[in-house]
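Q: There's a structure below that I have some questions on.
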Amino acid sequence: MSTKRRPVSAKRAAAIAAAAELLAGRRFARRLYGTIAILALLAGGLTAANLSKLPHANSTSALARTATPAAFALYSLQRDTGKDDTGHKKPDTILGTSLSGSDQGTVIVSAPRIQEYAALPTALAVVTLNDDNTSSLEIVPLTGGPPTLVPLPSLGTVANLHAAPSQHLIGFTFTASSGTGQYWKSLFVYDVGSPSTAPRAVQGINGPVSAADWRFVPGAATLVAQTDDQSMFLIDALESGKVSPLGAHAGILGFVPGTNELAVADQGLKKGIDPPRYSTINLTTGTSTPLSLTGAFVPDVANGTTTTASQPMVLGTSGQYAQVVRKYDGGKEASVVNLADKNGSRQLYQPAADWSAILDTCISPAGDYLAVETAAPQYTGDQYPVLPEPTPIRTDLVDVKSGVVLKSVPGFLPSWCG
């Protein structure tokens with residue numbers, strides 16, 4: 001076999017030069033996939049059919065261009081399974097709203113199918129679905145204008161998107177499509193302020209982290225990640241090697257508002273017999289403290305499951321928590337949110353009969369309001385491959401002290417939960 005090299009054509013030389021420029025980081029991330037596609041086409045390795053499967057921007061900003069980012073107290077995602085006059089699916093939208101007034105929100109972003117999003121001070125990070133159900137991840141500026149496409153490691157699925165607004169960071173897990181890579185729930189972080197850089201894999205004790213669940217620590221660039229074997233770690237998202245084990249726990253309940261403490265759940269000592277155990281972990285010292293949640297509802301599995309309950313949402317170090325309790329009778333669901341502390345439990349909120357199914361809750365950053373996602377009792381599913389939800393769905397904003405509903409907004413996934 002001859003070892004003599006063929007002369008490099010001008011077209012191929014240009015392709016090689018463009019690739020070198022990409023590797024040097026001089027291209028913006030939003031042009032990365034298009035450039036790769038061009039190079040591959042020049043090399044004869046990508047067909048037009050494959051080109052259409054590459055991640056691409058699906059979002060459209062509904063904001064007029066301005067130098068000042070639009071400001072809203074809360075965002076929500078509204079999916080639409082209806083059809084327009086031409087028979088095509090109506091677009092999904094992300095809405096921005098205030099905490100007062102009766103407005104139903106301002107459309108910020110629209111796209112054919114939006115899986116999830118996370119809010120930053122100057123942009124929204126939006127996961128959209130391509131025709132083949134792979135993911136695109138886009139940064140949509142709150143000053144209007146086109147989205148920026150975030151370069152993903154390969155074709156695959158983005159999930160568990162969260163933001164650290166004060167750090168201008170987003171994070172997500174990524175699972176590669178079959179045959180396109182070795183990623184499985186791999187945790188990545190991306191600096192929205194540096195669009196020419198690619199997402200960076202989060203490093204744990206033994207290399208890249210595969211996360212079953214994870215959250216950014218409020219106000220910090222650190223994060224808590226849980227692996228498939230239930231091990232939890234505190235990890236610096238920006239500096240490799242800063243990893244602190246937090247032990248093995250059954251689940252992450254969330255961060256106690258106004259503190260540096262993480263609430264976690266564990267199974268009872270006798271599985272299926274003893275009630276769950278709860279504790280808080282001080283993220284500064286790593287110290288774990290048992291948490292007594294007086295009156296937490298635990299379904300009796302042995303006697304049927306006509307009544308179920310969510311995991312408690314810890315609202316304070318004194319043991320105050322909120323919990324969703326659901327009762328089923330003749331196929332109908334009736335749900336309430338109970339608020340409990342050391343003095344007992346009381347019903348905080350019950351949705352209107354037309355929206356009687358409570359799906360999820362989360363607390364506002366200041367700890368003064370609950371966002372409660374509700375659906376109609378006879379809902380249908382939207383059939384999305386990741387994060388499927390009922391439709392229609394709305395979110396009630398509830399005063400924690402009084403139980404008064406401040407307002408209701410269309411959609412789900414309120415930005416407080418991100």
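Here, A, B, ... name the chains of the structure tokens in the order displayed, residue numbers run from 1 inside each chain, and ligands are numbered from 1 in the same displayed order.
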Do a neighbour search on Pro165 of chain A at 7 Å with only C-alpha atoms, toss out local chain neighbours closer than 3 positions, and write the hits as number ranges by chain.
A: A: 120-121, 168-169
Q: Tell me which protein, DNA and RNA residues are within 9 Å of segment 311-313 of chain A, counting only C-alpha atoms, leaving out same-chain ones fewer than 4 positions away, and put them as JSON, numbers by chain.
A: {"A": [253, 254, 256, 263, 265, 293, 296, 297, 320, 321, 322, 323, 324, 361, 362, 363]}
Q: Can you list, as a ChimeraX atom specification, every residue of segment 102-224 of chain A that DSSP puts in strand (DSSP E)?
A: /A:106-111,114-119,123-129,135-141,148-149,156-164,169-176,186-191,200-201,203-204,207-208,213-216,222-224
Q: Which residue, A:Pro290, A:Pro218, A:Gly96, A:Gly258, has the smallest gap to Ala164 of chain A when you use only C-alpha atoms?
A: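 Nearest to Ala164 of chain A: A:Pro218.
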Q: Excluding same-chain residues fewer than 3 positions from segment 70-78 of chain A, what lies within 10 Å of it counting only C-alpha atoms, as a JSON list (two decimals) with N, CA, C and O atoms, in the first residue's frame?
A:
```json
[["chain", "number", "residue", "atom", "x", "y", "z"],
["A", 63, "LEU", "N", -39.91, 38.77, 22.29],
["A", 63, "LEU", "CA", -39.60, 40.08, 22.86],
["A", 63, "LEU", "C", -39.03, 41.00, 21.79],
["A", 63, "LEU", "O", -38.25, 40.57, 20.93],
["A", 64, "ALA", "N", -39.38, 42.26, 21.87],
["A", 64, "ALA", "CA", -38.76, 43.26, 21.02],
["A", 64, "ALA", "C", -37.33, 43.51, 21.49],
["A", 64, "ALA", "O", -37.03, 43.42, 22.69],
["A", 65, "ARG", "N", -36.43, 43.81, 20.56],
["A", 65, "ARG", "CA", -35.04, 44.07, 20.93],
["A", 65, "ARG", "C", -34.94, 45.30, 21.82],
["A", 65, "ARG", "O", -35.57, 46.33, 21.56],
["A", 66, "THR", "N", -34.15, 45.18, 22.87],
["A", 66, "THR", "CA", -33.93, 46.28, 23.79],
["A", 66, "THR", "C", -32.60, 46.07, 24.48],
["A", 66, "THR", "O", -32.09, 44.94, 24.54],
["A", 67, "ALA", "N", -32.04, 47.12, 25.02],
["A", 67, "ALA", "CA", -30.75, 46.99, 25.72],
["A", 67, "ALA", "C", -30.92, 46.48, 27.14],
["A", 67, "ALA", "O", -29.97, 46.00, 27.76],
["A", 81, "THR", "N", -51.28, 21.18, 23.05],
["A", 81, "THR", "CA", -51.44, 20.00, 22.20],
["A", 81, "THR", "C", -52.47, 20.22, 21.10],
["A", 81, "THR", "O", -52.76, 19.29, 20.33],
["A", 91, "PRO", "N", -47.73, 26.03, 18.92],
["A", 91, "PRO", "CA", -46.44, 26.08, 19.62],
["A", 91, "PRO", "C", -46.61, 26.11, 21.14],
["A", 91, "PRO", "O", -47.63, 26.57, 21.66],
["A", 92, "ASP", "N", -45.60, 25.60, 21.82],
["A", 92, "ASP", "CA", -45.49, 25.77, 23.27],
["A", 92, "ASP", "C", -44.91, 27.16, 23.55],
["A", 92, "ASP", "O", -44.20, 27.73, 22.71],
["A", 93, "THR", "N", -45.18, 27.68, 24.74],
["A", 93, "THR", "CA", -44.69, 29.02, 25.09],
["A", 93, "THR", "C", -44.16, 29.05, 26.51],
["A", 93, "THR", "O", -44.62, 28.29, 27.37],
["A", 94, "ILE", "N", -43.21, 29.93, 26.74],
["A", 94, "ILE", "CA", -42.75, 30.27, 28.09],
["A", 94, "ILE", "C", -43.29, 31.65, 28.39],
["A", 94, "ILE", "O", -43.10, 32.59, 27.60],
["A", 95, "LEU", "N", -43.99, 31.77, 29.52],
["A", 95, "LEU", "CA", -44.66, 33.00, 29.90],
["A", 95, "LEU", "C", -43.92, 33.66, 31.06],
["A", 95, "LEU", "O", -43.39, 32.99, 31.95],
["A", 96, "GLY", "N", -43.90, 34.99, 31.06],
["A", 96, "GLY", "CA", -43.39, 35.76, 32.19],
["A", 96, "GLY", "C", -44.54, 36.51, 32.84],
["A", 96, "GLY", "O", -45.41, 37.03, 32.14],
["A", 97, "THR", "N", -44.55, 36.57, 34.17],
["A", 97, "THR", "CA", -45.66, 37.23, 34.85],
["A", 97, "THR", "C", -45.17, 37.93, 36.11],
["A", 97, "THR", "O", -44.09, 37.65, 36.63],
["A", 98, "SER", "N", -45.99, 38.87, 36.59],
["A", 98, "SER", "CA", -45.75, 39.53, 37.87],
["A", 98, "SER", "C", -46.49, 38.75, 38.96],
["A", 98, "SER", "O", -47.23, 37.81, 38.67],
["A", 99, "LEU", "N", -46.30, 39.14, 40.21],
["A", 99, "LEU", "CA", -47.00, 38.48, 41.31],
["A", 99, "LEU", "C", -48.30, 39.18, 41.66],
["A", 99, "LEU", "O", -49.02, 38.74, 42.56],
["A", 100, "SER", "N", -48.62, 40.25, 40.97],
["A", 100, "SER", "CA", -49.86, 40.98, 41.24],
["A", 100, "SER", "C", -50.65, 41.12, 39.95],
["A", 100, "SER", "O", -50.14, 40.86, 38.86],
["A", 105, "GLY", "N", -49.93, 36.47, 31.85],
["A", 105, "GLY", "CA", -48.54, 36.33, 31.46],
["A", 105, "GLY", "C", -48.24, 36.85, 30.07],
["A", 105, "GLY", "O", -49.12, 36.96, 29.22],
["A", 106, "THR", "N", -46.98, 37.18, 29.86],
["A", 106, "THR", "CA", -46.47, 37.67, 28.58],
["A", 106, "THR", "C", -45.66, 36.57, 27.92],
["A", 106, "THR", "O", -44.80, 35.96, 28.56],
["A", 107, "VAL", "N", -45.91, 36.30, 26.65],
["A", 107, "VAL", "CA", -45.15, 35.28, 25.94],
["A", 107, "VAL", "C", -43.71, 35.77, 25.75],
["A", 107, "VAL", "O", -43.48, 36.85, 25.21],
["A", 108, "ILE", "N", -42.77, 34.97, 26.21],
["A", 108, "ILE", "CA", -41.35, 35.31, 26.10],
["A", 108, "ILE", "C", -40.71, 34.52, 24.96],
["A", 108, "ILE", "O", -39.96, 35.06, 24.15],
["A", 109, "VAL", "N", -41.00, 33.22, 24.91],
["A", 109, "VAL", "CA", -40.39, 32.32, 23.94],
["A", 109, "VAL", "C", -41.47, 31.38, 23.42],
["A", 109, "VAL", "O", -42.37, 30.97, 24.17],
["A", 110, "SER", "N", -41.40, 31.04, 22.14],
["A", 110, "SER", "CA", -42.26, 30.00, 21.59],
["A", 110, "SER", "C", -41.41, 29.02, 20.80],
["A", 110, "SER", "O", -40.36, 29.37, 20.27],
["A", 114, "ILE", "N", -41.40, 22.42, 23.64],
["A", 114, "ILE", "CA", -40.47, 22.81, 24.69],
["A", 114, "ILE", "C", -40.53, 21.78, 25.81],
["A", 114, "ILE", "O", -41.60, 21.53, 26.36],
["A", 115, "GLN", "N", -39.39, 21.20, 26.12],
["A", 115, "GLN", "CA", -39.34, 20.20, 27.18],
["A", 115, "GLN", "C", -39.25, 20.85, 28.55],
["A", 115, "GLN", "O", -39.99, 20.53, 29.46],
["A", 116, "GLU", "N", -38.31, 21.78, 28.72],
["A", 116, "GLU", "CA", -38.12, 22.46, 29.99],
["A", 116, "GLU", "C", -37.26, 23.69, 29.78],
["A", 116, "GLU", "O", -36.78, 23.95, 28.67],
["A", 117, "TYR", "N", -37.07, 24.46, 30.83],
["A", 117, "TYR", "CA", -36.29, 25.69, 30.72],
["A", 117, "TYR", "C", -35.72, 26.02, 32.09],
["A", 117, "TYR", "O", -36.10, 25.43, 33.12],
["A", 118, "ALA", "N", -34.81, 26.98, 32.14],
["A", 118, "ALA", "CA", -34.28, 27.52, 33.39],
["A", 118, "ALA", "C", -34.04, 29.00, 33.18],
["A", 118, "ALA", "O", -33.64, 29.43, 32.10],
["A", 119, "ALA", "N", -34.29, 29.80, 34.23],
["A", 119, "ALA", "CA", -34.23, 31.25, 34.12],
["A", 119, "ALA", "C", -32.93, 31.81, 34.68],
["A", 119, "ALA", "O", -32.47, 31.41, 35.75],
["A", 121, "PRO", "N", -30.70, 35.86, 34.87],
["A", 121, "PRO", "CA", -31.05, 37.29, 34.89],
["A", 121, "PRO", "C", -31.23, 37.91, 33.51],
["A", 121, "PRO", "O", -32.06, 38.80, 33.34],
["A", 122, "THR", "N", -30.48, 37.45, 32.52],
["A", 122, "THR", "CA", -30.53, 38.08, 31.20],
["A", 122, "THR", "C", -30.96, 37.14, 30.08],
["A", 122, "THR", "O", -30.96, 37.52, 28.91],
["A", 123, "ALA", "N", -31.32, 35.90, 30.41],
["A", 123, "ALA", "CA", -31.66, 34.94, 29.37],
["A", 123, "ALA", "C", -32.45, 33.78, 29.96],
["A", 123, "ALA", "O", -32.48, 33.57, 31.19],
["A", 124, "LEU", "N", -33.08, 33.02, 29.08],
["A", 124, "LEU", "CA", -33.69, 31.75, 29.44],
["A", 124, "LEU", "C", -32.93, 30.64, 28.72],
["A", 124, "LEU", "O", -32.64, 30.75, 27.53],
["A", 141, "PRO", "N", -32.04, 35.27, 24.71],
["A", 141, "PRO", "CA", -31.81, 36.49, 25.49],
["A", 141, "PRO", "C", -33.11, 37.18, 25.87],
["A", 141, "PRO", "O", -34.07, 37.21, 25.09],
["A", 142, "LEU", "N", -33.15, 37.75, 27.06],
["A", 142, "LEU", "CA", -34.31, 38.52, 27.52],
["A", 142, "LEU", "C", -34.28, 39.94, 26.99],
["A", 142, "LEU", "O", -35.10, 40.77, 27.39],
["A", 143, "THR", "N", -33.33, 40.21, 26.11],
["A", 143, "THR", "CA", -33.29, 41.50, 25.41],
["A", 143, "THR", "C", -33.82, 41.36, 23.99],
["A", 143, "THR", "O", -33.68, 42.27, 23.18],
["A", 144, "GLY", "N", -34.43, 40.22, 23.67],
["A", 144, "GLY", "CA", -34.91, 39.96, 22.33],
["A", 144, "GLY", "C", -33.79, 39.44, 21.45],
["A", 144, "GLY", "O", -32.63, 39.33, 21.87],
["A", 364, "SER", "N", -40.99, 29.72, 46.98],
["A", 364, "SER", "CA", -40.33, 30.88, 46.38],
["A", 364, "SER", "C", -38.99, 31.11, 47.05],
["A", 364, "SER", "O", -38.76, 30.64, 48.18],
["A", 371, "ALA", "N", -45.61, 27.69, 45.01],
["A", 371, "ALA", "CA", -46.14, 27.51, 43.66],
["A", 371, "ALA", "C", -46.70, 26.09, 43.61],
["A", 371, "ALA", "O", -45.98, 25.12, 43.87],
["A", 391, "THR", "N", -52.39, 17.88, 30.43],
["A", 391, "THR", "CA", -52.84, 19.11, 29.78],
["A", 391, "THR", "C", -54.36, 19.16, 29.87],
["A", 391, "THR", "O", -55.02, 18.14, 29.67],
["A", 392, "PRO", "N", -54.96, 20.30, 30.25],
["A", 392, "PRO", "CA", -54.29, 21.56, 30.59],
["A", 392, "PRO", "C", -53.73, 21.53, 32.01],
["A", 392, "PRO", "O", -54.05, 20.63, 32.79],
["A", 393, "ILE", "N", -52.91, 22.52, 32.34],
["A", 393, "ILE", "CA", -52.26, 22.60, 33.64],
["A", 393, "ILE", "C", -52.06, 24.07, 33.99],
["A", 393, "ILE", "O", -51.88, 24.91, 33.11],
["A", 394, "ARG", "N", -52.14, 24.37, 35.28],
["A", 394, "ARG", "CA", -51.90, 25.75, 35.72],
["A", 394, "ARG", "C", -51.18, 25.74, 37.05],
["A", 394, "ARG", "O", -51.09, 24.70, 37.73],
["A", 395, "THR", "N", -50.67, 26.89, 37.45],
["A", 395, "THR", "CA", -49.92, 27.04, 38.70],
["A", 395, "THR", "C", -50.57, 28.11, 39.55],
["A", 395, "THR", "O", -50.74, 29.24, 39.11],
["A", 409, "VAL", "N", -51.58, 31.22, 37.18],
["A", 409, "VAL", "CA", -50.96, 31.46, 35.88],
["A", 409, "VAL", "C", -51.00, 30.19, 35.07],
["A", 409, "VAL", "O", -50.95, 29.08, 35.61],
["A", 410, "PRO", "N", -51.12, 30.29, 33.75],
["A", 410, "PRO", "CA", -51.13, 29.09, 32.91],
["A", 410, "PRO", "C", -49.77, 28.36, 32.96],
["A", 410, "PRO", "O", -48.73, 28.99, 33.13],
["A", 411, "GLY", "N", -49.82, 27.05, 32.78],
["A", 411, "GLY", "CA", -48.60, 26.30, 32.63],
["A", 411, "GLY", "C", -48.08, 25.68, 33.92],
["A", 411, "GLY", "O", -48.73, 25.69, 34.96],
["A", 412, "PHE", "N", -46.85, 25.18, 33.83],
["A", 412, "PHE", "CA", -46.21, 24.47, 34.93],
["A", 412, "PHE", "C", -44.72, 24.82, 34.95],
["A", 412, "PHE", "O", -44.27, 25.70, 34.22],
["A", 413, "LEU", "N", -43.98, 24.13, 35.77],
["A", 413, "LEU", "CA", -42.53, 24.33, 35.93],
["A", 413, "LEU", "C", -42.22, 25.79, 36.26],
["A", 413, "LEU", "O", -41.42, 26.44, 35.58],
["A", 414, "PRO", "N", -42.82, 26.33, 37.33],
["A", 414, "PRO", "CA", -42.51, 27.71, 37.70],
["A", 414, "PRO", "C", -41.03, 27.87, 37.97],
["A", 414, "PRO", "O", -40.37, 26.97, 38.51],
["A", 415, "SER", "N", -40.49, 29.03, 37.59],
["A", 415, "SER", "CA", -39.05, 29.24, 37.65],
["A", 415, "SER", "C", -38.50, 29.18, 39.07],
["A", 415, "SER", "O", -37.30, 28.99, 39.27],
["A", 416, "TRP", "N", -39.37, 29.34, 40.09],
["A", 416, "TRP", "CA", -38.89, 29.16, 41.47],
["A", 416, "TRP", "C", -38.35, 27.75, 41.70],
["A", 416, "TRP", "O", -37.52, 27.53, 42.58]]
```
Q: Applying 10 Å and only C-alpha atoms, which residues near Pro385 of chain A remain after dropping the ones on its own chain fewer than 6 positions away? List them as a PyMOL selection string.
A: chain A and resi 115+129+133-134+157
Q: With N, CA, C and O atoms retained, write the just-selected residues as a PDB file, in the first residue's frame.
A:
```pdb
ATOM      1  N   GLN A 115     -39.394  21.200  26.115  1.00  0.00           N
ATOM      2  CA  GLN A 115     -39.335  20.199  27.180  1.00  0.00           C
ATOM      3  C   GLN A 115     -39.247  20.854  28.552  1.00  0.00           C
ATOM      4  O   GLN A 115     -39.987  20.526  29.464  1.00  0.00           O
ATOM      5  N   LEU A 129     -37.362  20.008  21.627  1.00  0.00           N
ATOM      6  CA  LEU A 129     -37.293  18.677  21.025  1.00  0.00           C
ATOM      7  C   LEU A 129     -37.236  18.792  19.514  1.00  0.00           C
ATOM      8  O   LEU A 129     -38.030  19.513  18.902  1.00  0.00           O
ATOM      9  N   ASN A 133     -36.898  13.523  18.353  1.00  0.00           N
ATOM     10  CA  ASN A 133     -36.950  13.515  19.825  1.00  0.00           C
ATOM     11  C   ASN A 133     -35.591  13.685  20.496  1.00  0.00           C
ATOM     12  O   ASN A 133     -35.489  13.526  21.717  1.00  0.00           O
ATOM     13  N   THR A 134     -34.541  13.980  19.739  1.00  0.00           N
ATOM     14  CA  THR A 134     -33.300  14.398  20.380  1.00  0.00           C
ATOM     15  C   THR A 134     -33.465  15.848  20.844  1.00  0.00           C
ATOM     16  O   THR A 134     -34.426  16.530  20.491  1.00  0.00           O
ATOM     17  N   THR A 157     -30.136  13.297  24.540  1.00  0.00           N
ATOM     18  CA  THR A 157     -31.227  13.856  25.322  1.00  0.00           C
ATOM     19  C   THR A 157     -30.701  14.666  26.493  1.00  0.00           C
ATOM     20  O   THR A 157     -29.901  14.170  27.295  1.00  0.00           O
TER      21      THR A 157
END
```
Q: Env of segment 341-351 of chain A: 12 Å cut, atoms = only C-alpha atoms, seq-sep filter 4 positions within chain, self excluded. Answer as a ChimeraX atom specification.
A: /A:291-297,312-326,333-337,355-359,361,369-377,394-406,408
